[in-house]
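File shown: structure.pdb (PDB, N, CA and C atoms).
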```
ATOM      1  N   THR V   1      47.785 152.602  28.481
ATOM      2  CA  THR V   1      47.054 151.440  28.972
ATOM      3  C   THR V   1      47.989 150.434  29.631
ATOM      4  N   GLN V   2      49.128 150.164  29.019
ATOM      5  CA  GLN V   2      50.054 149.191  29.615
ATOM      6  C   GLN V   2      50.553 149.661  30.976
ATOM      7  N   GLU V   3      50.833 150.951  31.114
ATOM      8  CA  GLU V   3      51.279 151.479  32.404
ATOM      9  C   GLU V   3      50.188 151.344  33.449
ATOM     10  N   LEU V   4      48.944 151.613  33.065
ATOM     11  CA  LEU V   4      47.820 151.467  33.981
ATOM     12  C   LEU V   4      47.691 150.018  34.443
ATOM     13  N   LEU V   5      47.715 149.082  33.512
ATOM     14  CA  LEU V   5      47.566 147.665  33.871
ATOM     15  C   LEU V   5      48.716 147.201  34.759
ATOM     16  N   LYS V   6      49.924 147.676  34.487
ATOM     17  CA  LYS V   6      51.067 147.319  35.339
ATOM     18  C   LYS V   6      50.926 147.920  36.730
ATOM     19  N   ALA V   7      50.425 149.145  36.831
ATOM     20  CA  ALA V   7      50.219 149.780  38.136
ATOM     21  C   ALA V   7      49.165 149.029  38.944
ATOM     22  N   ILE V   8      48.116 148.560  38.271
ATOM     23  CA  ILE V   8      47.073 147.772  38.938
ATOM     24  C   ILE V   8      47.655 146.451  39.433
ATOM     25  N   GLU V   9      48.380 145.750  38.575
ATOM     26  CA  GLU V   9      49.000 144.478  38.970
ATOM     27  C   GLU V   9      49.946 144.674  40.140
ATOM     28  N   TYR V  10      50.743 145.732  40.099
ATOM     29  CA  TYR V  10      51.690 146.006  41.181
ATOM     30  C   TYR V  10      50.954 146.245  42.500
ATOM     31  N   ALA V  11      49.889 147.035  42.465
ATOM     32  CA  ALA V  11      49.129 147.322  43.685
ATOM     33  C   ALA V  11      48.545 146.050  44.286
ATOM     34  N   VAL V  12      48.051 145.157  43.436
ATOM     35  CA  VAL V  12      47.454 143.908  43.935
ATOM     36  C   VAL V  12      48.537 142.981  44.475
ATOM     37  N   THR V  13      49.625 142.795  43.736
ATOM     38  CA  THR V  13      50.653 141.855  44.178
ATOM     39  C   THR V  13      51.400 142.343  45.419
ATOM     40  N   THR V  14      51.453 143.653  45.632
ATOM     41  CA  THR V  14      52.107 144.192  46.829
ATOM     42  C   THR V  14      51.104 144.475  47.951
ATOM     43  N   LYS V  15      49.847 144.072  47.714
ATOM     44  CA  LYS V  15      48.772 144.229  48.694
ATOM     45  C   LYS V  15      48.529 145.691  49.075
ATOM     46  N   LYS V  16      48.675 146.564  48.093
ATOM     47  CA  LYS V  16      48.404 147.991  48.300
ATOM     48  C   LYS V  16      47.081 148.329  47.624
ATOM     49  N   TYR V  17      46.020 147.727  48.147
ATOM     50  CA  TYR V  17      44.688 147.954  47.605
ATOM     51  C   TYR V  17      43.679 147.929  48.743
ATOM     52  N   VAL V  18      42.564 148.562  48.517
ATOM     53  CA  VAL V  18      41.435 148.539  49.439
ATOM     54  C   VAL V  18      40.164 148.456  48.614
ATOM     55  N   PHE V  19      39.111 148.000  49.244
ATOM     56  CA  PHE V  19      37.792 148.009  48.633
ATOM     57  C   PHE V  19      37.019 149.172  49.246
ATOM     58  N   SER V  20      36.404 149.993  48.411
ATOM     59  CA  SER V  20      35.513 151.013  48.951
ATOM     60  C   SER V  20      34.333 150.280  49.584
ATOM     61  N   GLU V  21      33.596 150.980  50.418
ATOM     62  CA  GLU V  21      32.420 150.360  51.029
ATOM     63  C   GLU V  21      31.457 149.897  49.928
ATOM     64  N   HIS V  22      31.299 150.732  48.917
ATOM     65  CA  HIS V  22      30.423 150.385  47.795
ATOM     66  C   HIS V  22      30.967 149.176  47.030
ATOM     67  N   GLY V  23      32.263 149.167  46.764
ATOM     68  CA  GLY V  23      32.878 148.047  46.060
ATOM     69  C   GLY V  23      32.748 146.750  46.833
ATOM     70  N   TYR V  24      32.948 146.822  48.147
ATOM     71  CA  TYR V  24      32.815 145.642  49.003
ATOM     72  C   TYR V  24      31.378 145.121  48.962
ATOM     73  N   LEU V  25      30.414 146.031  49.086
ATOM     74  CA  LEU V  25      29.005 145.646  49.068
ATOM     75  C   LEU V  25      28.618 145.041  47.725
ATOM     76  N   ARG V  26      29.029 145.671  46.638
ATOM     77  CA  ARG V  26      28.672 145.168  45.302
ATOM     78  C   ARG V  26      29.296 143.802  45.026
ATOM     79  N   SER V  27      30.507 143.579  45.484
ATOM     80  CA  SER V  27      31.118 142.270  45.253
ATOM     81  C   SER V  27      30.334 141.173  45.968
ATOM     82  N   ARG V  28      29.689 141.508  47.060
ATOM     83  CA  ARG V  28      28.875 140.526  47.792
ATOM     84  C   ARG V  28      27.545 140.276  47.098
ATOM     85  N   GLN V  29      27.066 141.283  46.373
ATOM     86  CA  GLN V  29      25.760 141.170  45.724
ATOM     87  C   GLN V  29      25.839 140.515  44.355
ATOM     88  N   ARG V  30      26.982 140.510  43.731
ATOM     89  CA  ARG V  30      27.124 139.989  42.377
ATOM     90  C   ARG V  30      27.329 138.476  42.394
ATOM     91  N   ARG V  31      26.670 137.815  41.471
ATOM     92  CA  ARG V  31      26.793 136.360  41.343
ATOM     93  C   ARG V  31      28.198 135.994  40.873
ATOM     94  N   ASN V  32      28.797 135.027  41.543
ATOM     95  CA  ASN V  32      30.099 134.468  41.160
ATOM     96  C   ASN V  32      31.230 135.489  41.148
ATOM     97  N   VAL V  33      31.161 136.483  42.018
ATOM     98  CA  VAL V  33      32.229 137.485  42.081
ATOM     99  C   VAL V  33      32.651 137.652  43.541
ATOM    100  N   SER V  34      33.732 137.004  43.898
ATOM    101  CA  SER V  34      34.264 137.117  45.255
ATOM    102  C   SER V  34      35.465 138.066  45.231
ATOM    103  N   ASP V  35      35.942 138.435  46.403
ATOM    104  CA  ASP V  35      37.155 139.262  46.478
ATOM    105  C   ASP V  35      38.303 138.573  45.746
ATOM    106  N   LEU V  36      38.409 137.275  45.925
ATOM    107  CA  LEU V  36      39.478 136.507  45.278
ATOM    108  C   LEU V  36      39.367 136.576  43.753
ATOM    109  N   GLU V  37      38.145 136.467  43.230
ATOM    110  CA  GLU V  37      37.940 136.572  41.775
ATOM    111  C   GLU V  37      38.371 137.955  41.284
ATOM    112  N   ILE V  38      38.020 138.992  42.026
ATOM    113  CA  ILE V  38      38.366 140.365  41.643
ATOM    114  C   ILE V  38      39.884 140.519  41.598
ATOM    115  N   LEU V  39      40.552 140.073  42.642
ATOM    116  CA  LEU V  39      42.009 140.194  42.696
ATOM    117  C   LEU V  39      42.683 139.351  41.616
ATOM    118  N   LYS V  40      42.112 138.191  41.333
ATOM    119  CA  LYS V  40      42.663 137.329  40.281
ATOM    120  C   LYS V  40      42.567 138.025  38.921
ATOM    121  N   ILE V  41      41.437 138.654  38.651
ATOM    122  CA  ILE V  41      41.274 139.378  37.384
ATOM    123  C   ILE V  41      42.265 140.538  37.319
ATOM    124  N   LEU V  42      42.343 141.330  38.389
ATOM    125  CA  LEU V  42      43.195 142.518  38.376
ATOM    126  C   LEU V  42      44.679 142.191  38.279
ATOM    127  N   SER V  43      45.090 141.065  38.832
ATOM    128  CA  SER V  43      46.511 140.725  38.805
ATOM    129  C   SER V  43      46.875 139.800  37.645
ATOM    130  N   GLY V  44      45.878 139.311  36.933
ATOM    131  CA  GLY V  44      46.123 138.350  35.858
ATOM    132  C   GLY V  44      46.445 139.001  34.526
ATOM    133  N   ASN V  45      46.775 138.161  33.577
ATOM    134  CA  ASN V  45      47.136 138.622  32.231
ATOM    135  C   ASN V  45      45.950 138.760  31.296
ATOM    136  N   PHE V  46      44.804 138.251  31.686
ATOM    137  CA  PHE V  46      43.654 138.225  30.778
ATOM    138  C   PHE V  46      42.613 139.255  31.186
ATOM    139  N   LYS V  47      43.027 140.514  31.137
ATOM    140  CA  LYS V  47      42.135 141.634  31.435
ATOM    141  C   LYS V  47      42.400 142.717  30.410
ATOM    142  N   TRP V  48      41.471 143.600  30.245
ATOM    143  CA  TRP V  48      41.704 144.723  29.351
ATOM    144  C   TRP V  48      41.050 145.977  29.899
ATOM    145  N   HIS V  49      41.554 147.086  29.438
ATOM    146  CA  HIS V  49      41.136 148.409  29.869
ATOM    147  C   HIS V  49      40.036 148.895  28.936
ATOM    148  N   GLU V  50      38.876 149.210  29.485
ATOM    149  CA  GLU V  50      37.770 149.777  28.708
ATOM    150  C   GLU V  50      37.859 151.301  28.796
ATOM    151  N   ALA V  51      38.831 151.857  28.114
ATOM    152  CA  ALA V  51      39.149 153.285  28.236
ATOM    153  C   ALA V  51      37.973 154.186  27.891
ATOM    154  N   ILE V  52      37.125 153.762  27.003
ATOM    155  CA  ILE V  52      35.994 154.593  26.595
ATOM    156  C   ILE V  52      35.029 154.856  27.754
ATOM    157  N   LYS V  53      35.036 153.994  28.760
ATOM    158  CA  LYS V  53      34.155 154.144  29.911
ATOM    159  C   LYS V  53      34.786 154.930  31.061
ATOM    160  N   ASP V  54      36.082 155.205  30.979
ATOM    161  CA  ASP V  54      36.756 155.927  32.057
ATOM    162  C   ASP V  54      36.145 157.308  32.251
ATOM    163  N   LYS V  55      36.176 157.774  33.515
ATOM    164  CA  LYS V  55      35.625 159.090  33.839
ATOM    165  C   LYS V  55      36.554 159.811  34.805
ATOM    166  N   TYR V  56      36.633 161.109  34.606
ATOM    167  CA  TYR V  56      37.384 161.960  35.518
ATOM    168  C   TYR V  56      36.388 162.664  36.421
ATOM    169  N   TYR V  57      36.635 162.630  37.721
ATOM    170  CA  TYR V  57      35.762 163.280  38.679
ATOM    171  C   TYR V  57      36.470 164.484  39.273
ATOM    172  N   GLU V  58      35.984 165.648  38.922
ATOM    173  CA  GLU V  58      36.596 166.927  39.306
ATOM    174  C   GLU V  58      36.821 167.024  40.816
ATOM    175  N   GLY V  59      35.817 166.690  41.609
ATOM    176  CA  GLY V  59      35.922 166.806  43.064
ATOM    177  C   GLY V  59      36.964 165.890  43.668
ATOM    178  N   ASN V  60      37.216 164.756  43.034
ATOM    179  CA  ASN V  60      38.185 163.788  43.547
ATOM    180  C   ASN V  60      39.569 163.985  42.935
ATOM    181  N   TYR V  61      39.647 164.784  41.876
ATOM    182  CA  TYR V  61      40.906 165.028  41.171
ATOM    183  C   TYR V  61      41.560 163.735  40.700
ATOM    184  N   ASP V  62      40.739 162.796  40.246
ATOM    185  CA  ASP V  62      41.299 161.532  39.799
ATOM    186  C   ASP V  62      40.364 160.851  38.818
ATOM    187  N   TRP V  63      40.907 159.864  38.149
ATOM    188  CA  TRP V  63      40.181 159.077  37.165
ATOM    189  C   TRP V  63      39.638 157.800  37.785
ATOM    190  N   ASN V  64      38.489 157.359  37.281
ATOM    191  CA  ASN V  64      37.973 156.017  37.529
ATOM    192  C   ASN V  64      38.244 155.216  36.269
ATOM    193  N   TYR V  65      38.929 154.099  36.424
ATOM    194  CA  TYR V  65      39.313 153.250  35.297
ATOM    195  C   TYR V  65      38.456 151.994  35.287
ATOM    196  N   HIS V  66      38.037 151.587  34.101
ATOM    197  CA  HIS V  66      37.193 150.410  33.940
ATOM    198  C   HIS V  66      38.034 149.268  33.365
ATOM    199  N   ILE V  67      38.080 148.188  34.123
ATOM    200  CA  ILE V  67      38.853 147.012  33.744
ATOM    201  C   ILE V  67      37.885 145.848  33.574
ATOM    202  N   ARG V  68      38.065 145.099  32.503
ATOM    203  CA  ARG V  68      37.194 143.957  32.264
ATOM    204  C   ARG V  68      38.024 142.682  32.197
ATOM    205  N   GLY V  69      37.456 141.615  32.729
ATOM    206  CA  GLY V  69      38.082 140.302  32.683
ATOM    207  C   GLY V  69      37.010 139.244  32.851
ATOM    208  N   GLN V  70      37.448 138.000  32.986
ATOM    209  CA  GLN V  70      36.513 136.899  33.173
ATOM    210  C   GLN V  70      36.787 136.202  34.491
ATOM    211  N   ASN V  71      35.706 135.764  35.132
ATOM    212  CA  ASN V  71      35.866 134.972  36.349
ATOM    213  C   ASN V  71      36.053 133.501  35.966
ATOM    214  N   THR V  72      36.133 132.644  36.957
ATOM    215  CA  THR V  72      36.383 131.223  36.689
ATOM    216  C   THR V  72      35.197 130.540  36.013
ATOM    217  N   ASP V  73      34.014 131.192  36.028
ATOM    218  CA  ASP V  73      32.841 130.660  35.341
ATOM    219  C   ASP V  73      32.701 131.235  33.932
ATOM    220  N   SER V  74      33.765 131.902  33.446
ATOM    221  CA  SER V  74      33.805 132.504  32.109
ATOM    222  C   SER V  74      32.767 133.608  31.914
ATOM    223  N   GLU V  75      32.362 134.244  33.008
ATOM    224  CA  GLU V  75      31.463 135.387  32.929
ATOM    225  C   GLU V  75      32.312 136.657  32.891
ATOM    226  N   PHE V  76      31.872 137.639  32.118
ATOM    227  CA  PHE V  76      32.611 138.890  32.032
ATOM    228  C   PHE V  76      32.289 139.783  33.229
ATOM    229  N   ILE V  77      33.349 140.286  33.836
ATOM    230  CA  ILE V  77      33.251 141.119  35.027
ATOM    231  C   ILE V  77      33.892 142.467  34.719
ATOM    232  N   ARG V  78      33.202 143.551  35.081
ATOM    233  CA  ARG V  78      33.780 144.888  34.974
ATOM    234  C   ARG V  78      34.108 145.357  36.396
ATOM    235  N   ILE V  79      35.321 145.839  36.556
ATOM    236  CA  ILE V  79      35.784 146.330  37.847
ATOM    237  C   ILE V  79      36.209 147.784  37.652
ATOM    238  N   VAL V  80      35.649 148.675  38.451
ATOM    239  CA  VAL V  80      36.014 150.086  38.381
ATOM    240  C   VAL V  80      36.977 150.371  39.524
ATOM    241  N   VAL V  81      38.134 150.916  39.158
ATOM    242  CA  VAL V  81      39.178 151.192  40.151
ATOM    243  C   VAL V  81      39.667 152.624  40.012
ATOM    244  N   SER V  82      40.345 153.081  41.046
ATOM    245  CA  SER V  82      41.014 154.371  41.029
ATOM    246  C   SER V  82      42.256 154.230  41.900
ATOM    247  N   PHE V  83      43.027 155.287  42.003
ATOM    248  CA  PHE V  83      44.214 155.276  42.842
ATOM    249  C   PHE V  83      44.080 156.323  43.926
ATOM    250  N   ILE V  84      44.443 155.926  45.134
ATOM    251  CA  ILE V  84      44.424 156.818  46.291
ATOM    252  C   ILE V  84      45.780 156.699  46.979
ATOM    253  N   GLU V  85      45.939 157.419  48.053
ATOM    254  CA  GLU V  85      47.218 157.410  48.763
ATOM    255  C   GLU V  85      47.653 156.006  49.171
ATOM    256  N   GLU V  86      46.704 155.173  49.598
ATOM    257  CA  GLU V  86      47.015 153.814  50.038
ATOM    258  C   GLU V  86      47.374 152.899  48.879
ATOM    259  N   GLY V  87      47.039 153.295  47.670
ATOM    260  CA  GLY V  87      47.293 152.470  46.493
ATOM    261  C   GLY V  87      46.071 152.425  45.605
ATOM    262  N   LEU V  88      45.603 151.237  45.317
ATOM    263  CA  LEU V  88      44.455 151.011  44.438
ATOM    264  C   LEU V  88      43.192 150.912  45.276
ATOM    265  N   ILE V  89      42.098 151.482  44.770
ATOM    266  CA  ILE V  89      40.803 151.300  45.429
ATOM    267  C   ILE V  89      39.827 150.697  44.426
ATOM    268  N   VAL V  90      39.153 149.632  44.843
ATOM    269  CA  VAL V  90      38.108 149.010  44.029
ATOM    270  C   VAL V  90      36.819 149.751  44.347
ATOM    271  N   ILE V  91      36.290 150.446  43.344
ATOM    272  CA  ILE V  91      35.118 151.286  43.551
ATOM    273  C   ILE V  91      33.825 150.512  43.404
ATOM    274  N   THR V  92      33.728 149.709  42.367
ATOM    275  CA  THR V  92      32.533 148.889  42.180
ATOM    276  C   THR V  92      32.857 147.700  41.283
ATOM    277  N   VAL V  93      31.942 146.753  41.263
ATOM    278  CA  VAL V  93      32.102 145.512  40.510
ATOM    279  C   VAL V  93      30.769 145.189  39.851
ATOM    280  N   ILE V  94      30.823 144.811  38.575
ATOM    281  CA  ILE V  94      29.606 144.475  37.843
ATOM    282  C   ILE V  94      29.820 143.143  37.135
ATOM    283  N   ASN V  95      28.916 142.203  37.361
ATOM    284  CA  ASN V  95      28.906 140.964  36.589
ATOM    285  C   ASN V  95      28.061 141.259  35.356
ATOM    286  N   LEU V  96      28.701 141.386  34.201
ATOM    287  CA  LEU V  96      28.011 141.806  32.988
ATOM    288  C   LEU V  96      26.982 140.796  32.510
ATOM    289  N   SER V  97      27.125 139.526  32.867
ATOM    290  CA  SER V  97      26.114 138.541  32.477
ATOM    291  C   SER V  97      24.813 138.796  33.235
ATOM    292  N   GLU V  98      24.894 139.314  34.449
ATOM    293  CA  GLU V  98      23.679 139.668  35.202
ATOM    294  C   GLU V  98      22.991 140.862  34.558
ATOM    295  N   VAL V  99      23.776 141.825  34.122
ATOM    296  CA  VAL V  99      23.217 143.022  33.488
ATOM    297  C   VAL V  99      22.494 142.641  32.210
ATOM    298  N   ARG V 100      23.121 141.808  31.386
ATOM    299  CA  ARG V 100      22.495 141.382  30.129
ATOM    300  C   ARG V 100      21.225 140.589  30.387
ATOM    301  N   ASN V 101      21.237 139.728  31.402
ATOM    302  CA  ASN V 101      20.045 138.932  31.713
ATOM    303  C   ASN V 101      18.912 139.802  32.231
ATOM    304  N   ASP V 102      19.231 140.869  32.971
ATOM    305  CA  ASP V 102      18.222 141.769  33.494
ATOM    306  C   ASP V 102      17.551 142.576  32.382
ATOM    307  N   ASN V 103      18.276 142.795  31.292
ATOM    308  CA  ASN V 103      17.742 143.594  30.198
ATOM    309  C   ASN V 103      16.875 142.791  29.232
ATOM    310  N   ASN V 104      16.851 141.484  29.364
ATOM    311  CA  ASN V 104      16.070 140.648  28.445
ATOM    312  C   ASN V 104      14.625 140.600  28.855
TER     313      ASN V 104
END
```
As structure tokens, please, write out the structure in this file.
Amino acid sequence: TQELLKAIEYAVTTKKYVFSEHGYLRSRQRRNVSDLEILKILSGNFKWHEAIKDKYYEGNYDWNYHIRGQNTDSEFIRIVVSFIEEGLIVITVINLSEVRNDNN
């Protein structure tokens, strides 16, 4: 986990990251989740790895990692990332407070 978090921080601080089309679209649709908030969570010290949610995709030959943190409004955000040749790719973004509110 520590190596994963360090690799994510390194990719963000060295600007070796991209947003997938889906990740870009979802960040626009989520309340209080901007690109800046996503990068702040990924490069900050107050994030954790939700390893139980990670998935390996056979066709892609890689893992999707689930990272959770808080935005500036203290809402919990889940960010799904993977690694590609260019570096880190943000696959999708979920504002967990929206998910909980939708389920009520």
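If you measure from each of V:Phe76, V:Trp48, V:Phe83, V:Phe19 to Asp62 in chain V using only N, CA and C atoms, the closest one turns out to be V:Phe83.
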Checklist entry - Looking only at the backbone, which of the residues in chain V does DSSP tag as strand (DSSP E), as a VMD selection string? => result chain V and resid 17 to 19 47 to 49 55 to 57 62 to 70 76 to 84 87 to 95
Item to check | All residues 6 Å or closer to Ile89 in chain V, only N, CA and C atoms, same chain fewer than 3 positions away omitted, as a ChimeraX atom specification | outcome: /V:17-20,80-84
Checklist entry - What's the 10 Å shell around Tyr65 in chain V, counting only C-alpha atoms, without same-chain residues fewer than 5 positions away, as a ChimeraX atom specification? => result /V:4,49-56,79-83,90-91
Item to check | Residues within 12 Å of (48.4, 142.1, 44.7), file coords, only C-alpha atoms, listed as an NGL selection string | outcome: :V and (6-18 or 35-36 or 38-44 or 87-89)
Next, the residues of the selection above should be written as a short mmCIF file (atom, residue, chain, number, x, y, z; two decimals), in the coordinates of the input with N, CA and C atoms.
```cif
data_model
loop_
_atom_site.label_atom_id
_atom_site.label_comp_id
_atom_site.auth_asym_id
_atom_site.auth_seq_id
_atom_site.Cartn_x
_atom_site.Cartn_y
_atom_site.Cartn_z
N LYS V 6 49.92 147.68 34.49
CA LYS V 6 51.07 147.32 35.34
C LYS V 6 50.93 147.92 36.73
N ALA V 7 50.42 149.15 36.83
CA ALA V 7 50.22 149.78 38.14
C ALA V 7 49.16 149.03 38.94
N ILE V 8 48.12 148.56 38.27
CA ILE V 8 47.07 147.77 38.94
C ILE V 8 47.66 146.45 39.43
N GLU V 9 48.38 145.75 38.58
CA GLU V 9 49.00 144.48 38.97
C GLU V 9 49.95 144.67 40.14
N TYR V 10 50.74 145.73 40.10
CA TYR V 10 51.69 146.01 41.18
C TYR V 10 50.95 146.24 42.50
N ALA V 11 49.89 147.04 42.46
CA ALA V 11 49.13 147.32 43.68
C ALA V 11 48.54 146.05 44.29
N VAL V 12 48.05 145.16 43.44
CA VAL V 12 47.45 143.91 43.94
C VAL V 12 48.54 142.98 44.48
N THR V 13 49.62 142.79 43.74
CA THR V 13 50.65 141.85 44.18
C THR V 13 51.40 142.34 45.42
N THR V 14 51.45 143.65 45.63
CA THR V 14 52.11 144.19 46.83
C THR V 14 51.10 144.48 47.95
N LYS V 15 49.85 144.07 47.71
CA LYS V 15 48.77 144.23 48.69
C LYS V 15 48.53 145.69 49.08
N LYS V 16 48.68 146.56 48.09
CA LYS V 16 48.40 147.99 48.30
C LYS V 16 47.08 148.33 47.62
N TYR V 17 46.02 147.73 48.15
CA TYR V 17 44.69 147.95 47.60
C TYR V 17 43.68 147.93 48.74
N VAL V 18 42.56 148.56 48.52
CA VAL V 18 41.44 148.54 49.44
C VAL V 18 40.16 148.46 48.61
N ASP V 35 35.94 138.44 46.40
CA ASP V 35 37.16 139.26 46.48
C ASP V 35 38.30 138.57 45.75
N LEU V 36 38.41 137.28 45.92
CA LEU V 36 39.48 136.51 45.28
C LEU V 36 39.37 136.58 43.75
N ILE V 38 38.02 138.99 42.03
CA ILE V 38 38.37 140.36 41.64
C ILE V 38 39.88 140.52 41.60
N LEU V 39 40.55 140.07 42.64
CA LEU V 39 42.01 140.19 42.70
C LEU V 39 42.68 139.35 41.62
N LYS V 40 42.11 138.19 41.33
CA LYS V 40 42.66 137.33 40.28
C LYS V 40 42.57 138.02 38.92
N ILE V 41 41.44 138.65 38.65
CA ILE V 41 41.27 139.38 37.38
C ILE V 41 42.26 140.54 37.32
N LEU V 42 42.34 141.33 38.39
CA LEU V 42 43.20 142.52 38.38
C LEU V 42 44.68 142.19 38.28
N SER V 43 45.09 141.06 38.83
CA SER V 43 46.51 140.72 38.80
C SER V 43 46.88 139.80 37.65
N GLY V 44 45.88 139.31 36.93
CA GLY V 44 46.12 138.35 35.86
C GLY V 44 46.44 139.00 34.53
N GLY V 87 47.04 153.29 47.67
CA GLY V 87 47.29 152.47 46.49
C GLY V 87 46.07 152.43 45.60
N LEU V 88 45.60 151.24 45.32
CA LEU V 88 44.46 151.01 44.44
C LEU V 88 43.19 150.91 45.28
N ILE V 89 42.10 151.48 44.77
CA ILE V 89 40.80 151.30 45.43
C ILE V 89 39.83 150.70 44.43
#
```
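Atom C of Glu85 in chain V to atom C of Ser27 in chain V spans 23.0 Å [interatomic distance, one decimal].
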Can you tell me which residues surround Asn95 in chain V at a distance of at most 8 Å, considering all atoms listed in the file, apart from same-chain residues fewer than 5 positions away, and format the answer as a short mmCIF file (atom, residue, chain, number, x, y, z; two decimals) with N, CA and C atoms, in the frame of the given file?
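out_9.cif was written with the following content:
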```
data_model
loop_
_atom_site.label_atom_id
_atom_site.label_comp_id
_atom_site.auth_asym_id
_atom_site.auth_seq_id
_atom_site.Cartn_x
_atom_site.Cartn_y
_atom_site.Cartn_z
N ARG V 26 29.03 145.67 46.64
CA ARG V 26 28.67 145.17 45.30
C ARG V 26 29.30 143.80 45.03
N GLN V 29 27.07 141.28 46.37
CA GLN V 29 25.76 141.17 45.72
C GLN V 29 25.84 140.51 44.36
N ARG V 30 26.98 140.51 43.73
CA ARG V 30 27.12 139.99 42.38
C ARG V 30 27.33 138.48 42.39
N ARG V 31 26.67 137.82 41.47
CA ARG V 31 26.79 136.36 41.34
C ARG V 31 28.20 135.99 40.87
N ASN V 32 28.80 135.03 41.54
CA ASN V 32 30.10 134.47 41.16
C ASN V 32 31.23 135.49 41.15
N VAL V 33 31.16 136.48 42.02
CA VAL V 33 32.23 137.49 42.08
C VAL V 33 32.65 137.65 43.54
N GLU V 75 32.36 134.24 33.01
CA GLU V 75 31.46 135.39 32.93
C GLU V 75 32.31 136.66 32.89
N PHE V 76 31.87 137.64 32.12
CA PHE V 76 32.61 138.89 32.03
C PHE V 76 32.29 139.78 33.23
N ILE V 77 33.35 140.29 33.84
CA ILE V 77 33.25 141.12 35.03
C ILE V 77 33.89 142.47 34.72
N ARG V 78 33.20 143.55 35.08
CA ARG V 78 33.78 144.89 34.97
C ARG V 78 34.11 145.36 36.40
N ILE V 79 35.32 145.84 36.56
CA ILE V 79 35.78 146.33 37.85
C ILE V 79 36.21 147.78 37.65
N ARG V 100 23.12 141.81 31.39
CA ARG V 100 22.50 141.38 30.13
C ARG V 100 21.22 140.59 30.39
#
```
Item to check | d(atom N of Arg68 in chain V, atom C of His22 in chain V) in Å | outcome: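 Those two atoms sit 16.7 Å apart.
Here CA of Thr1 in chain V is placed at a distance of 10.0 Å from atom C of Lys47 in chain V.
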Next on the checklist: What parts of chain V does DSSP call alpha helix (DSSP H)? I'd like the answer as a PyMOL selection string.
Outcome noted: chain V and resi 2-13+21-29+35-43+96-103
